[in-house]
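J.: What follows is a single structure, and I will ask about it in a moment.
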Amino acid sequence: MSFQIILVIHVLLALGMVGLILIQHGKGAGAGAGFGSGAAGTVFGARGANTFLYKLTAAMALGFFITSISLAYLATSESNVSDTSQSIMVQPLVDETAQTESSDIPSN
């Protein structure tokens, strides 16, 4: 149950980070101020959105890192999985004797 909750949080953090990174201005974005887009940064205050978005992106990156580590730990620890049918690490075994006996292809 905790694996699924952390996975949902992980995906939401990833999508949020993509959105935050896309709305941030690059280093060359100051050239647009001469063409009328100079007042776009006043929504977040006089200093602009740089510090707010930077801190929010850093916090989301830290959360993404923590959820990545916790998902890796939960995926590799078999003691947390009570039912082995729900484990992603268990591979189904193939019965080789049943396949060779029921085969219509003659062996050489």
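The chains in the structure tokens are called A, B, ... from first to last as shown; in each chain the residues are counted from 1, and the ligands are counted from 1 in the order shown.
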Find the spatial neighbours of Ser2 (chain A), counting only C-alpha atoms, within a cut-off of 9 Å - ignore same-chain residues fewer than 4 positions away - and output them as a list in words.
T.: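 Residues meeting the cut-off are Ile6, Leu7 and Leu74 of chain A.
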J.: From the options A:Ala75, A:Leu12, A:Met1, A:Ile105, which residue's atoms come nearest to Ala61 (chain A), counting only C-alpha atoms?
T.: A:Leu12
J.: Show me, as a ChimeraX atom specification, the residues that have an atom within 12 Å of Leu71 (chain A) when counting only C-alpha atoms, minus same-chain residues fewer than 2 positions from it.
T.: /A:2-11,64-69,73-77
J.: Can you tell me how far CA of His25 (chain A) sits from CA of Ala58 (chain A), in Å to one decimal?
T.: 15.6 Å
J.: In Å to one decimal, how far is CA of Phe52 (chain A) from CA of Ile21 (chain A)?
T.: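 Straight-line distance from CA of Ile21 (chain A) to CA of Phe52 (chain A) works out to 12.3 Å.
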J.: To one decimal place in Å, what is the distance between CA of Leu20 (chain A) and CA of Leu53 (chain A)?
T.: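 Rounded to one decimal, the two atoms are 7.1 Å apart.
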